[in-house]
>>> print(open('my_file_7.txt').read())   # compact mmCIF, C-alpha atoms
# COMPACT_ATOMS: atom_id res chain seq x y z
CA MET I 27 -67.65 79.94 -3.44
CA ARG I 28 -65.78 76.71 -4.09
CA TYR I 29 -64.38 78.05 -7.35
CA PHE I 30 -63.38 81.31 -5.71
CA LYS I 31 -61.23 79.49 -3.13
CA SER I 32 -59.62 77.39 -5.86
CA TYR I 33 -58.93 80.50 -7.92
CA CYS I 34 -57.33 82.29 -4.93
CA LEU I 35 -55.21 79.24 -4.13
CA PHE I 36 -54.05 79.09 -7.75
CA ILE I 37 -53.06 82.79 -7.67
CA VAL I 38 -51.14 82.37 -4.40
CA ILE I 39 -49.22 79.33 -5.67
CA THR I 40 -48.43 81.10 -8.94
CA LEU I 41 -47.07 84.15 -7.12
CA LEU I 42 -44.95 82.00 -4.83
CA LEU I 43 -43.46 80.05 -7.73
CA THR I 44 -42.68 83.13 -9.81
CA GLY I 45 -41.18 84.93 -6.83
CA CYS I 46 -38.72 82.14 -6.12
CA ALA I 47 -37.80 81.33 -9.71
CA GLY I 48 -34.76 83.62 -10.19
CA VAL I 49 -33.03 83.23 -6.84
CA GLU I 50 -30.40 80.70 -7.94
CA ALA I 51 -29.33 82.62 -11.05
CA GLU I 52 -28.31 85.78 -9.15
CA LYS I 53 -25.49 84.38 -7.02
CA SER I 54 -22.09 86.02 -7.29
CA PRO I 55 -19.22 84.06 -8.84
CA SER I 56 -17.39 81.84 -6.37
CA ASN I 57 -13.97 83.04 -7.53
CA SER I 58 -14.60 86.70 -6.64
CA LYS I 59 -12.65 87.95 -3.66
CA LEU I 60 -13.09 91.02 -1.51
CA THR I 61 -9.98 92.44 0.15
CA THR I 62 -9.42 95.48 2.36
CA GLU I 63 -6.43 97.79 2.61
CA SER I 64 -5.78 100.52 5.15
CA TYR I 65 -6.54 104.04 3.94
CA ASN I 66 -4.06 106.77 4.84
CA MET I 67 -5.82 110.11 5.24
CA SER I 68 -4.37 113.43 4.13
CA GLU I 69 -3.81 116.28 6.60
CA LYS I 70 -7.06 117.98 5.51
CA GLU I 71 -9.05 114.79 6.03
CA THR I 72 -7.46 114.23 9.44
CA LEU I 73 -8.29 117.83 10.47
CA LEU I 74 -11.88 117.45 9.30
CA ILE I 75 -12.37 114.16 11.19
CA SER I 76 -10.81 115.63 14.36
CA LYS I 77 -13.48 118.36 14.37
CA THR I 78 -16.34 115.85 14.36
CA GLY I 79 -15.65 114.68 17.91
CA VAL I 80 -15.17 111.03 16.95
CA GLU I 81 -12.30 109.58 18.95
CA GLN I 82 -11.46 106.49 16.91
CA ILE I 83 -12.34 105.89 13.29
CA LYS I 84 -10.80 103.61 10.65
CA PHE I 85 -11.13 103.82 6.89
CA PHE I 86 -10.47 101.06 4.38
CA LYS I 87 -10.19 100.67 0.63
CA LEU I 88 -12.24 97.78 -0.76
CA ASN I 89 -10.88 95.83 -3.70
CA GLY I 90 -13.64 93.74 -5.23
CA THR I 91 -17.36 93.90 -5.82
CA LEU I 92 -20.09 94.15 -3.20
CA PHE I 93 -23.44 92.50 -3.83
CA ALA I 94 -26.62 93.35 -2.01
CA ILE I 95 -28.55 90.69 -0.12
CA PHE I 96 -31.06 90.43 -2.96
CA GLY I 97 -28.42 90.06 -5.68
CA GLY I 98 -28.08 93.64 -6.93
CA SER I 99 -24.67 95.25 -7.16
CA PHE I 100 -23.59 98.61 -5.80
>>> encode(input="my_file_7.txt", output="structure tokens")
Amino acid sequence: MRYFKSYCLFIVITLLLTGCAGVEAEKSPSNSKLTTESYNMSEKETLLISKTGVEQIKFFKLNGTLFAIFGGSF
């Protein structure tokens, strides 16, 4: 039983260390910027949005790269 507990502890520590190993390497570059610009809708888009019943809605263009919380890109 003593060896079983030691073996389980070793497995848990190994999993924790391997799970945290690549976190620092996946950060986005510090010089990347994300900017927004207003989006002007066409008449067809305006007509379509007016039929949805939403009173106020704003659209933007994104210039830059979005990264997910876990480091993946969209």
>>> atom_distance(input="my_file_7.txt", atom1="atom CA of Gly45 of chain I", atom2="atom CA of Thr91 of chain I")
25.5 Å
>>> closest_residue(input="my_file_7.txt", among="I:Cys34, I:Arg28, I:Glu81, I:Phe86", to="Leu60 of chain I", atoms="only C-alpha atoms")
I:Phe86
>>> atom_distance(input="my_file_7.txt", atom1="atom CA of Phe85 of chain I", atom2="atom CA of Ser64 of chain I")
6.5 Å
>>> atom_distance(input="my_file_7.txt", atom1="atom CA of Met27 of chain I", atom2="atom CA of Leu41 of chain I")
21.3 Å
